[in-house]
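Novice: Provided below: coords_36.cif, containing mmCIF, C-alpha atoms.
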```
data_data
loop_
_atom_site.label_atom_id
_atom_site.label_comp_id
_atom_site.auth_asym_id
_atom_site.auth_seq_id
_atom_site.Cartn_x
_atom_site.Cartn_y
_atom_site.Cartn_z
CA GLY A 699 -104.11 -46.75 14.58
CA LEU A 700 -100.65 -48.23 14.35
CA HIS A 701 -97.25 -46.67 14.74
CA ILE A 702 -93.69 -47.92 14.80
CA LYS A 703 -91.44 -47.24 17.75
CA ARG A 704 -87.73 -47.39 16.92
CA ARG A 705 -85.38 -48.51 19.67
CA PHE A 706 -81.64 -49.13 19.59
CA THR A 707 -79.54 -51.91 21.04
CA SER A 708 -76.31 -51.32 22.91
CA LYS A 709 -74.43 -51.65 19.61
CA GLY A 710 -76.54 -49.04 17.95
CA VAL A 711 -78.49 -51.45 15.74
CA ALA A 712 -82.01 -50.26 15.06
CA VAL A 713 -84.87 -52.62 15.90
CA ALA A 714 -88.37 -51.62 14.78
CA THR A 715 -91.23 -52.74 16.97
CA LEU A 716 -94.84 -52.50 15.80
CA LEU A 717 -97.11 -51.14 18.49
CA SER A 718 -100.84 -50.62 18.55
CA ALA A 719 -102.08 -47.22 19.60
CA CYS A 720 -105.50 -46.93 21.03
CA ALA A 721 -107.31 -43.93 19.59
CA GLY A 722 -109.09 -43.37 22.88
CA SER A 723 -105.79 -42.78 24.69
CA GLN A 724 -104.77 -39.86 22.50
CA GLN A 725 -104.61 -36.62 24.43
CA GLY A 726 -105.60 -33.11 23.50
CA GLY A 727 -107.37 -34.09 20.29
CA SER A 728 -104.02 -34.24 18.48
CA SER A 729 -103.53 -36.25 15.31
CA GLY A 730 -102.57 -39.26 17.39
CA MET A 731 -98.92 -40.15 17.59
CA SER A 732 -97.00 -38.46 20.37
CA LEU A 733 -93.49 -37.35 19.47
CA SER A 734 -91.31 -40.10 20.95
CA VAL A 735 -87.97 -39.15 22.45
CA LYS A 736 -84.92 -40.75 20.87
CA THR A 737 -82.90 -42.58 23.50
CA PHE A 738 -79.99 -44.46 21.98
CA SER A 739 -76.38 -44.95 22.98
CA GLY A 740 -73.55 -42.95 21.52
CA GLY A 741 -73.42 -39.61 19.78
CA ARG A 742 -74.39 -36.10 20.77
CA SER A 743 -78.11 -36.71 20.20
CA SER A 744 -78.32 -39.43 22.85
CA THR A 745 -80.08 -37.07 25.27
CA SER A 746 -83.60 -37.93 26.35
CA ILE A 747 -84.69 -34.29 26.37
CA GLN A 748 -87.31 -33.12 23.93
CA ALA A 749 -88.11 -29.44 24.30
CA THR A 750 -90.96 -27.40 22.83
CA VAL A 751 -89.85 -23.80 22.49
CA PHE A 752 -92.56 -21.19 21.94
CA GLY A 753 -91.25 -17.92 20.51
CA ALA A 754 -88.16 -19.60 19.06
CA THR A 755 -88.19 -17.37 15.98
CA GLY A 756 -87.61 -14.23 18.04
CA PHE A 757 -84.45 -12.46 19.17
CA LEU A 758 -83.83 -14.61 22.25
CA GLY A 759 -85.27 -17.78 20.68
CA ARG A 760 -82.46 -18.45 18.21
CA TYR A 761 -79.89 -18.40 21.01
CA VAL A 762 -81.91 -20.79 23.18
CA VAL A 763 -82.50 -23.25 20.30
CA SER A 764 -78.80 -23.12 19.40
CA LYS A 765 -77.75 -24.00 22.95
CA LEU A 766 -80.31 -26.81 23.18
CA GLY A 767 -79.06 -28.20 19.89
CA GLN A 768 -75.47 -28.09 21.10
CA PHE A 769 -76.07 -30.92 23.56
CA GLY A 770 -78.37 -32.95 21.31
CA CYS A 771 -81.88 -31.94 22.37
CA ARG A 772 -84.73 -32.60 20.01
CA VAL A 773 -86.52 -29.26 19.64
CA ILE A 774 -90.10 -28.64 18.54
CA VAL A 775 -90.65 -25.09 17.24
CA PRO A 776 -94.30 -24.00 17.11
CA TYR A 777 -94.75 -21.10 14.69
CA ARG A 778 -97.38 -19.14 12.82
CA GLY A 779 -97.15 -17.73 9.34
CA ASP A 780 -94.61 -19.01 6.83
CA GLU A 781 -91.98 -21.64 7.59
CA LEU A 782 -89.49 -19.38 5.84
CA TYR A 783 -89.21 -17.32 9.04
CA CYS A 784 -87.85 -20.24 11.08
CA ARG A 785 -85.72 -22.15 8.56
CA HIS A 786 -82.56 -20.59 9.97
CA LEU A 787 -83.10 -22.70 13.11
CA LYS A 788 -82.75 -26.00 11.20
CA VAL A 789 -78.95 -25.93 11.26
CA MET A 790 -78.79 -25.41 15.03
CA GLY A 791 -79.13 -29.11 15.80
CA ASP A 792 -78.30 -32.51 14.34
CA LEU A 793 -80.15 -33.74 11.28
CA GLY A 794 -83.84 -34.17 12.11
CA GLN A 795 -83.54 -32.73 15.61
CA ILE A 796 -85.12 -29.29 14.93
CA ASN A 797 -88.75 -29.68 13.86
CA PHE A 798 -91.44 -27.11 13.08
CA HIS A 799 -95.12 -27.21 13.93
CA ASN A 800 -97.59 -24.70 12.53
CA MET A 801 -100.07 -23.60 15.19
CA SER A 802 -102.11 -20.80 16.70
CA ILE A 803 -101.94 -19.79 20.36
CA ARG A 804 -105.71 -19.26 20.22
CA SER A 805 -106.27 -22.98 19.57
CA LEU A 806 -106.14 -25.18 22.67
CA LYS A 807 -105.87 -28.23 20.41
CA ASP A 808 -102.77 -26.79 18.73
CA ILE A 809 -101.17 -25.98 22.09
CA GLU A 810 -101.78 -29.51 23.35
CA HIS A 811 -100.36 -31.06 20.19
CA SER A 812 -97.28 -28.80 20.31
CA VAL A 813 -96.25 -29.98 23.80
CA SER A 814 -97.34 -33.61 23.36
CA GLY A 815 -94.31 -35.88 23.65
CA SER A 816 -92.05 -33.22 25.14
CA ASN A 817 -90.67 -33.34 28.67
CA VAL A 818 -89.52 -29.69 28.61
CA VAL A 819 -91.53 -26.63 27.55
CA ILE A 820 -90.00 -23.15 27.25
CA ASN A 821 -92.15 -20.08 26.66
CA LEU A 822 -90.29 -17.13 25.15
CA LEU A 823 -93.35 -15.67 23.46
CA GLY A 824 -93.99 -12.01 24.12
CA LYS A 825 -95.33 -8.85 22.51
CA HIS A 826 -93.80 -5.40 22.99
CA PHE A 827 -96.57 -3.49 21.25
CA GLU A 828 -100.28 -4.07 20.78
CA THR A 829 -102.10 -4.41 17.45
CA ARG A 830 -105.75 -4.69 16.50
CA ARG A 831 -105.37 -8.47 16.44
CA TRP A 832 -103.00 -9.13 19.34
CA SER A 833 -103.16 -7.43 22.74
CA PHE A 834 -100.86 -7.73 25.75
CA GLN A 835 -103.66 -9.67 27.43
CA ASP A 836 -103.70 -12.25 24.63
CA VAL A 837 -99.97 -12.87 24.36
CA ASN A 838 -98.54 -12.06 27.81
CA VAL A 839 -101.38 -13.24 30.07
CA SER A 840 -103.92 -15.59 28.50
CA PHE A 841 -101.51 -17.75 26.50
CA PRO A 842 -98.93 -18.40 29.28
CA SER A 843 -101.73 -19.31 31.68
CA ALA A 844 -103.33 -21.71 29.19
CA LEU A 845 -99.93 -23.22 28.33
CA ALA A 846 -99.13 -23.82 32.01
CA GLU A 847 -102.48 -25.58 32.47
CA VAL A 848 -101.80 -27.84 29.49
CA CYS A 849 -98.32 -28.64 30.84
CA ALA A 850 -99.80 -29.52 34.21
CA GLU A 851 -102.40 -31.80 32.61
CA GLN A 852 -99.81 -33.57 30.44
CA GLY A 853 -97.29 -33.98 33.27
CA ILE A 854 -94.48 -31.97 31.66
CA ASP A 855 -91.27 -32.35 33.70
CA ARG A 856 -89.93 -28.80 33.29
CA PHE A 857 -91.68 -25.57 32.32
CA ILE A 858 -89.64 -22.37 31.96
CA HIS A 859 -91.54 -19.12 31.44
CA VAL A 860 -89.69 -15.95 30.40
CA SER A 861 -91.21 -12.77 31.82
CA GLY A 862 -89.50 -9.40 32.35
CA LEU A 863 -87.52 -7.73 35.12
CA GLY A 864 -89.84 -4.73 35.13
CA ALA A 865 -92.95 -6.89 35.61
CA SER A 866 -95.22 -5.38 38.25
CA VAL A 867 -98.96 -4.95 38.64
CA GLU A 868 -98.25 -1.39 39.83
CA SER A 869 -96.09 -0.39 36.86
CA PRO A 870 -97.17 2.56 34.68
CA SER A 871 -96.42 0.34 31.67
CA ALA A 872 -99.25 -1.88 30.37
CA TRP A 873 -96.63 -4.32 29.06
CA ALA A 874 -95.02 -4.68 32.50
CA ARG A 875 -98.42 -5.15 34.17
CA SER A 876 -99.37 -7.86 31.67
CA LYS A 877 -96.07 -9.67 32.29
CA ALA A 878 -96.77 -9.65 36.03
CA LEU A 879 -100.27 -11.06 35.50
CA GLY A 880 -98.80 -13.71 33.22
CA GLU A 881 -96.44 -14.81 36.00
CA ILE A 882 -99.35 -15.09 38.42
CA GLY A 883 -101.36 -17.20 35.97
CA VAL A 884 -98.42 -19.53 35.34
CA LYS A 885 -97.72 -20.04 39.04
CA GLU A 886 -101.38 -20.74 39.82
CA ALA A 887 -101.60 -23.40 37.13
CA LEU A 888 -98.14 -24.92 37.63
CA PRO A 889 -96.32 -24.03 40.89
CA SER A 890 -93.21 -25.96 39.77
CA ALA A 891 -92.66 -23.61 36.83
CA THR A 892 -89.40 -21.66 36.69
CA ILE A 893 -89.80 -17.94 35.99
CA MET A 894 -87.00 -16.06 34.25
CA ARG A 895 -87.15 -12.25 34.46
CA PRO A 896 -84.48 -10.77 32.17
CA ALA A 897 -83.61 -7.10 32.22
CA THR A 898 -83.29 -5.18 28.96
CA ILE A 899 -81.51 -7.60 26.62
CA PHE A 900 -78.72 -6.42 24.33
CA GLY A 901 -77.10 -8.34 21.50
CA ASP A 902 -76.61 -8.33 17.73
CA GLU A 903 -80.33 -8.12 16.92
CA ASP A 904 -81.43 -6.12 19.98
CA ARG A 905 -84.12 -3.44 20.12
CA ILE A 906 -82.23 -1.09 22.44
CA LEU A 907 -78.70 -0.18 21.27
CA ASN A 908 -79.38 -0.70 17.55
CA ARG A 909 -82.52 1.37 17.84
CA MET A 910 -80.69 4.26 19.47
CA VAL A 911 -78.35 4.59 16.50
CA ILE A 912 -81.08 4.19 13.87
CA MET A 913 -83.43 6.67 15.53
CA SER A 914 -80.69 9.26 16.02
CA ARG A 915 -79.96 9.18 12.30
CA HIS A 916 -83.55 9.26 11.10
CA LEU A 917 -84.83 11.92 13.49
CA PRO A 918 -83.55 15.46 14.00
CA PHE A 919 -82.67 14.46 17.55
CA TYR A 920 -82.87 11.47 19.87
CA PRO A 921 -85.49 12.17 22.58
CA LEU A 922 -84.72 11.39 26.20
CA VAL A 923 -87.83 11.75 28.35
CA ASN A 924 -87.05 13.89 31.41
CA GLY A 925 -83.32 13.70 30.73
CA GLY A 926 -83.17 9.89 30.61
CA GLN A 927 -82.89 9.39 34.38
CA GLY A 928 -84.59 5.96 34.36
CA LYS A 929 -82.17 3.18 35.26
CA GLN A 930 -81.49 0.00 33.27
CA GLN A 931 -79.32 -3.05 33.95
CA PRO A 932 -78.77 -4.54 30.46
CA VAL A 933 -77.96 -8.24 30.16
CA HIS A 934 -76.39 -9.99 27.19
CA VAL A 935 -78.65 -12.30 25.20
CA ASP A 936 -76.18 -15.19 25.41
CA ASP A 937 -76.19 -15.03 29.22
CA VAL A 938 -80.00 -15.19 29.26
CA ALA A 939 -80.03 -18.18 26.90
CA THR A 940 -77.41 -19.94 29.02
CA ALA A 941 -79.52 -19.37 32.14
CA ILE A 942 -82.62 -20.84 30.48
CA VAL A 943 -80.74 -23.96 29.37
CA GLU A 944 -79.20 -24.30 32.83
CA ALA A 945 -82.73 -24.25 34.29
CA VAL A 946 -83.64 -27.08 31.90
CA LYS A 947 -80.76 -29.22 33.17
CA ASN A 948 -80.99 -28.30 36.86
CA GLN A 949 -84.06 -29.69 38.63
CA THR A 950 -83.41 -27.55 41.72
CA THR A 951 -84.56 -24.46 39.79
CA ALA A 952 -88.14 -25.74 39.74
CA GLY A 953 -90.60 -23.34 41.36
CA LYS A 954 -88.07 -20.49 41.60
CA THR A 955 -87.94 -17.03 40.03
CA TYR A 956 -84.66 -15.65 38.69
CA SER A 957 -83.87 -12.04 37.84
CA LEU A 958 -81.37 -11.99 34.99
CA ALA A 959 -79.43 -8.72 34.91
CA GLY A 960 -76.04 -7.48 33.81
CA PRO A 961 -73.16 -6.47 36.09
CA LYS A 962 -73.69 -2.71 35.83
CA ILE A 963 -76.56 -0.22 36.19
CA TYR A 964 -76.88 2.67 33.72
CA THR A 965 -79.26 5.56 33.27
CA MET A 966 -80.81 5.93 29.81
CA LYS A 967 -78.58 8.98 29.34
CA GLU A 968 -75.46 6.91 30.09
CA LEU A 969 -76.60 4.24 27.63
CA THR A 970 -76.98 6.75 24.81
CA ASP A 971 -73.61 8.32 25.63
CA PHE A 972 -71.99 4.87 25.36
CA VAL A 973 -73.65 4.16 22.00
CA PHE A 974 -72.63 7.46 20.41
CA GLU A 975 -69.07 7.02 21.64
CA ALA A 976 -68.97 3.45 20.27
CA VAL A 977 -70.09 4.51 16.79
CA MET A 978 -68.00 7.70 16.90
CA ASP A 979 -70.99 9.89 16.05
CA THR A 980 -72.26 13.25 17.27
CA ASN A 981 -74.47 12.92 20.34
CA ASN A 982 -77.80 14.50 19.36
CA CYS A 983 -79.76 13.54 22.49
CA VAL A 984 -82.23 16.13 23.70
CA SER A 985 -84.10 16.05 26.99
CA VAL A 986 -87.83 16.40 26.37
CA PRO A 987 -90.81 16.58 28.75
CA THR A 988 -93.10 13.60 29.07
CA SER A 989 -95.80 15.18 26.90
CA VAL A 990 -93.40 15.63 23.95
CA GLY A 991 -92.06 12.09 24.37
CA MET A 992 -95.60 10.70 24.31
CA ALA A 993 -96.35 12.67 21.14
CA ILE A 994 -93.26 11.24 19.43
CA GLY A 995 -94.19 7.73 20.61
CA PHE A 996 -97.72 8.14 19.26
CA GLY A 997 -96.36 9.13 15.86
CA VAL A 998 -93.99 6.15 15.68
CA GLU A 999 -96.81 3.80 16.75
CA GLN A 1000 -98.55 4.47 13.43
CA LEU A 1001 -95.81 2.54 11.60
CA PRO A 1002 -96.44 -1.15 10.75
CA ASN A 1003 -93.67 -2.39 13.06
CA PRO A 1004 -93.05 0.47 15.51
CA PHE A 1005 -89.57 0.64 17.03
CA LEU A 1006 -90.84 2.89 19.83
CA THR A 1007 -94.17 3.19 21.65
CA ARG A 1008 -95.64 5.37 24.37
CA ASP A 1009 -95.86 2.37 26.65
CA GLU A 1010 -92.17 1.66 26.20
CA LEU A 1011 -91.33 5.25 27.10
CA ARG A 1012 -93.33 4.86 30.30
CA LEU A 1013 -91.28 1.77 31.14
CA GLN A 1014 -87.98 3.54 30.38
CA ALA A 1015 -88.93 6.27 32.85
CA THR A 1016 -88.91 3.68 35.68
CA ASP A 1017 -85.96 1.82 37.22
CA VAL A 1018 -85.68 -1.68 35.71
CA VAL A 1019 -82.96 -3.12 37.97
CA MET A 1020 -82.44 -6.25 40.02
CA GLY A 1021 -83.23 -6.30 43.73
CA GLU A 1022 -80.58 -7.27 46.28
CA ALA A 1023 -82.35 -10.35 47.65
CA GLU A 1024 -83.38 -11.80 44.28
CA LEU A 1025 -81.90 -14.91 42.70
CA GLY A 1026 -79.83 -14.12 39.63
CA LEU A 1027 -77.28 -15.33 37.12
CA GLY A 1028 -74.71 -15.93 39.84
CA ASP A 1029 -77.01 -18.49 41.48
CA LEU A 1030 -76.96 -20.41 38.19
CA GLY A 1031 -73.17 -20.33 38.00
CA ILE A 1032 -73.09 -17.68 35.26
CA THR A 1033 -70.89 -14.58 35.25
CA PRO A 1034 -72.68 -11.89 33.21
CA GLY A 1035 -70.75 -10.16 30.45
CA ALA A 1036 -70.29 -6.40 30.52
CA MET A 1037 -71.86 -4.26 27.81
CA GLU A 1038 -68.60 -2.38 27.22
CA ASP A 1039 -66.87 -5.68 26.36
CA LEU A 1040 -69.56 -7.09 24.07
CA ALA A 1041 -71.62 -4.38 22.40
CA GLU A 1042 -68.90 -2.61 20.43
CA ARG A 1043 -68.39 -5.77 18.36
CA TYR A 1044 -71.70 -5.30 16.54
CA LEU A 1045 -72.10 -1.54 16.90
CA PHE A 1046 -69.00 -0.93 14.77
CA MET A 1047 -71.11 -1.44 11.61
CA TYR A 1048 -72.76 1.92 12.31
CA LYS A 1049 -69.47 3.83 12.36
CA LYS A 1050 -69.37 6.60 9.78
CA GLN A 1051 -65.61 6.41 9.87
CA SER A 1052 -63.86 3.40 8.31
CA PRO A 1053 -63.74 0.39 10.68
CA PHE A 1054 -60.07 0.07 9.72
CA ILE A 1055 -59.32 3.30 11.57
CA ASP A 1056 -59.41 3.69 15.35
CA ASP A 1057 -58.55 7.05 16.92
CA LYS A 1058 -57.00 8.16 13.60
CA ASN A 1059 -54.57 5.23 13.65
CA TYR A 1060 -54.90 2.44 11.12
CA VAL A 1061 -55.87 -0.81 12.82
CA ARG A 1062 -55.16 -2.65 9.58
CA THR A 1063 -54.01 -0.97 6.41
CA PRO A 1064 -56.55 -1.60 3.61
CA GLN A 1065 -55.11 -3.73 0.79
#
```
Take the structure in the file and give it back as C-alpha cells.
Specialist:
Amino acid sequence: GLHIKRRFTSKGVAVATLLSACAGSQQGGSSGMSLSVKTFSGGRSSTSIQATVFGATGFLGRYVVSKLGQFGCRVIVPYRGDELYCRHLKVMGDLGQINFHNMSIRSLKDIEHSVSGSNVVINLLGKHFETRRWSFQDVNVSFPSALAEVCAEQGIDRFIHVSGLGASVESPSAWARSKALGEIGVKEALPSATIMRPATIFGDEDRILNRMVIMSRHLPFYPLVNGGQGKQQPVHVDDVATAIVEAVKNQTTAGKTYSLAGPKIYTMKELTDFVFEAVMDTNNCVSVPTSVGMAIGFGVEQLPNPFLTRDELRLQATDVVMGEAELGLGDLGITPGAMEDLAERYLFMYKKQSPFIDDKNYVRTPQ
C-alpha cells in the first residue's frame, strides 16, 4: 500500500513525500497506516507527543484530555458505543488534534490499532460496579495487563496506568482487590509503567459529594455504616489530571507509583457534615449497622446505573488514606487544593435557599 507523509520546512511550507508501505511490516493486524506524529515548527501543536487515552469519556478523562490539548498533544480517544458520548472532547484541542477510534477492549487487534503510532498511552478505564457483561476482572485486571503487554511489544515510550489508593489484595472490597491485581499485571508486563493511585476524587461531576446530596433527598435518611468512621482523603480532579500530564512530560516518573491524595483526612461522617452545611440543608444522616447498609446497597444495585453498591460500602468502611513514605502530589510539584475551597462552588446548585442569599444577607440583590 501507499501513504503520504507530510513534513514541514523551517518556514512552515508543507512538502508531501510519497512513501511505500510494506504490508508485511504492519503491526497488530491494524488497517495499515500508523498514525504519524505531526512535528512542525511554530504554533501550539508543534509537540511530538501523540497520546492514546483509554477511558477519556469518563469523569477524570475530560480533564486529562483538556490538559493534553492545552499544550498541543494529538490525542487518540478509543471508545465504545456512540460517538455522541465523546464529541464534547473535540473542542479540547486544536483542529484535528482530538480523534476518536471505535474499539472493544476484548479485541486484541483493536487495542493494538488504538496505540499504534502513539508514544504515550494513558489508561483511565475502570468500573465501579459489575454487570452481567463486564466484571471487575475484565475491566480492572485483564484489560490493563493486555494493554501493558501491547505497549511493551510496540515500544511505547510512556505508559501511565490509573489505579486506586485503596487498592490491596487484602481489601474487603472486590473493586480494590481487582485494582491491586491490575497493578501487578501492568508491572509484570511493563516495569517502566507509572502507576497513579488517586484517593476518592471530588469535582463537578463526582460520585461522592453530589451523590450524598441526591441520596439524602431521595431516601428517608442518608445511611452511614457503623457511624461513618472510615477515613477518606479526597483529592480534586484537576490535581489528579495535572499529575498525570506531569508524568507524561517527566521521564523520571517511569517505573514509580504515586499516591494522589488531598491535604486533609476526613471520616465519612465529617464529609457528610460538610456537604449538608454547604447546601444549607437538614442533616438526615443515620448510623446503621453493616447488615442494614448491605441491604440498602443491594436494593440500589438493582437500578440500571447504581449510585451505590454493597462493595462500595465495604470500601467506605476502610481507611483510604495515603501512607507517610509514599510518593505523592508534592513529589510532582503540585500543591493539592482543599475541599473546603473548591467543592462549595458546584455544591451551591443544590441549595434550597436562593444562591443570592448567604446567611440571610443578600450577596447580590436580584434585578
Novice: Tell me, as a ChimeraX atom specification, which residues lie within 9 Å of Gly1035 of chain A, counting all atoms listed in the file; anything in the same chain fewer than 6 positions away does not count.
Specialist: /A:933-934,936-937,960-961
Novice: Next, the residues of the selection above should be written as a tab-separated table (two decimals), in the coordinates of the input with C-alpha atoms.
Specialist:
```tsv
chain	number	residue	atom	x	y	z
A	933	VAL	CA	-77.96	-8.24	30.16
A	934	HIS	CA	-76.39	-9.99	27.19
A	936	ASP	CA	-76.18	-15.19	25.41
A	937	ASP	CA	-76.19	-15.03	29.22
A	960	GLY	CA	-76.04	-7.48	33.81
A	961	PRO	CA	-73.16	-6.47	36.09
```
Novice: Would you list the residues near (-78.6, 6.3, 11.1) (no more than 12 Å away, in the coordinates of the file, using only C-alpha atoms) as a list in words?
Specialist: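 Residues close enough to count: Asn908, Arg909, Met910, Val911, Ile912, Met913, Ser914, Arg915, His916, Leu917, Pro918, Phe919, Tyr920, Phe974, Val977, Asp979, Thr980, Asn982, Leu1045, Met1047, Tyr1048, Lys1049 and Lys1050 of chain A.
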Novice: Dig up all the protein and nucleic acid residues within 10 Å of (-100.8, -11.3, 33.9) in the file frame, using all atoms listed in the file, and format them as an MDAnalysis selection string.
Specialist: chainID A and resid 834:843 861 865:867 873:884
Novice: For segment 930-1022 of chain A versus segment 762-779 of chain A, which residues have an atom no more than 12 Å away, and what is each residue's nearest atom pair and distance in Å rounded to one decimal, using all atoms listed in the file, chain-then-number order, as JSON lines?
Specialist:
```
{"residue": "A:Val935", "atom": "CA", "partner": "A:Val762", "partner_atom": "CA", "distance": 9.3}
{"residue": "A:Asp936", "atom": "CA", "partner": "A:Val762", "partner_atom": "CA", "distance": 8.3}
{"residue": "A:Asp937", "atom": "CA", "partner": "A:Val762", "partner_atom": "CA", "distance": 10.1}
{"residue": "A:Val938", "atom": "CA", "partner": "A:Val762", "partner_atom": "CA", "distance": 8.5}
{"residue": "A:Ala939", "atom": "CA", "partner": "A:Val762", "partner_atom": "CA", "distance": 4.9}
{"residue": "A:Thr940", "atom": "CA", "partner": "A:Lys765", "partner_atom": "CA", "distance": 7.3}
{"residue": "A:Ala941", "atom": "CA", "partner": "A:Val762", "partner_atom": "CA", "distance": 9.4}
{"residue": "A:Ile942", "atom": "CA", "partner": "A:Val762", "partner_atom": "CA", "distance": 7.3}
{"residue": "A:Val943", "atom": "CA", "partner": "A:Leu766", "partner_atom": "CA", "distance": 6.8}
{"residue": "A:Glu944", "atom": "CA", "partner": "A:Lys765", "partner_atom": "CA", "distance": 10.0}
{"residue": "A:Ala945", "atom": "CA", "partner": "A:Leu766", "partner_atom": "CA", "distance": 11.7}
{"residue": "A:Val946", "atom": "CA", "partner": "A:Leu766", "partner_atom": "CA", "distance": 9.3}
{"residue": "A:Lys947", "atom": "CA", "partner": "A:Leu766", "partner_atom": "CA", "distance": 10.3}
```
Novice: Residues as selected, C-alpha atoms, written as a PDB file, in the coordinates of the input, can you do that?
Specialist:
```pdb
ATOM      1  CA  VAL A 935     -78.650 -12.300  25.200  1.00  0.00           C
ATOM      2  CA  ASP A 936     -76.180 -15.190  25.410  1.00  0.00           C
ATOM      3  CA  ASP A 937     -76.190 -15.030  29.220  1.00  0.00           C
ATOM      4  CA  VAL A 938     -80.000 -15.190  29.260  1.00  0.00           C
ATOM      5  CA  ALA A 939     -80.030 -18.180  26.900  1.00  0.00           C
ATOM      6  CA  THR A 940     -77.410 -19.940  29.020  1.00  0.00           C
ATOM      7  CA  ALA A 941     -79.520 -19.370  32.140  1.00  0.00           C
ATOM      8  CA  ILE A 942     -82.620 -20.840  30.480  1.00  0.00           C
ATOM      9  CA  VAL A 943     -80.740 -23.960  29.370  1.00  0.00           C
ATOM     10  CA  GLU A 944     -79.200 -24.300  32.830  1.00  0.00           C
ATOM     11  CA  ALA A 945     -82.730 -24.250  34.290  1.00  0.00           C
ATOM     12  CA  VAL A 946     -83.640 -27.080  31.900  1.00  0.00           C
ATOM     13  CA  LYS A 947     -80.760 -29.220  33.170  1.00  0.00           C
TER      14      LYS A 947
END
```
Novice: Counting all atoms listed in the file, which of A:Lys954, A:Lys967, A:Arg1012, A:Arg785 gets nearest to Gly1026 of chain A?
Specialist: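 Nearest candidate to Gly1026 of chain A out of A:Lys954, A:Lys967, A:Arg1012, A:Arg785: A:Lys954.
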Novice: Suppose you want the space between atom CA of Thr898 of chain A and atom CA of Gln930 of chain A; what is it in Å?
Specialist: 7.0 Å
Novice: Expanded to explicit residues, what is the PyMOL selection byres ((chain A and resi 845-857) around 7) for this file, as a PDB file with C-alpha atoms, in the frame of the given file?
Specialist:
```
ATOM      1  CA  ILE A 809    -101.170 -25.980  22.090  1.00  0.00           C
ATOM      2  CA  GLU A 810    -101.780 -29.510  23.350  1.00  0.00           C
ATOM      3  CA  ASN A 817     -90.670 -33.340  28.670  1.00  0.00           C
ATOM      4  CA  VAL A 818     -89.520 -29.690  28.610  1.00  0.00           C
ATOM      5  CA  VAL A 819     -91.530 -26.630  27.550  1.00  0.00           C
ATOM      6  CA  ILE A 820     -90.000 -23.150  27.250  1.00  0.00           C
ATOM      7  CA  PHE A 841    -101.510 -17.750  26.500  1.00  0.00           C
ATOM      8  CA  PRO A 842     -98.930 -18.400  29.280  1.00  0.00           C
ATOM      9  CA  SER A 843    -101.730 -19.310  31.680  1.00  0.00           C
ATOM     10  CA  ALA A 844    -103.330 -21.710  29.190  1.00  0.00           C
ATOM     11  CA  ILE A 858     -89.640 -22.370  31.960  1.00  0.00           C
ATOM     12  CA  HIS A 859     -91.540 -19.120  31.440  1.00  0.00           C
ATOM     13  CA  VAL A 884     -98.420 -19.530  35.340  1.00  0.00           C
ATOM     14  CA  ALA A 887    -101.600 -23.400  37.130  1.00  0.00           C
ATOM     15  CA  LEU A 888     -98.140 -24.920  37.630  1.00  0.00           C
ATOM     16  CA  ALA A 891     -92.660 -23.610  36.830  1.00  0.00           C
ATOM     17  CA  THR A 892     -89.400 -21.660  36.690  1.00  0.00           C
ATOM     18  CA  VAL A 946     -83.640 -27.080  31.900  1.00  0.00           C
TER      19      VAL A 946
END
```
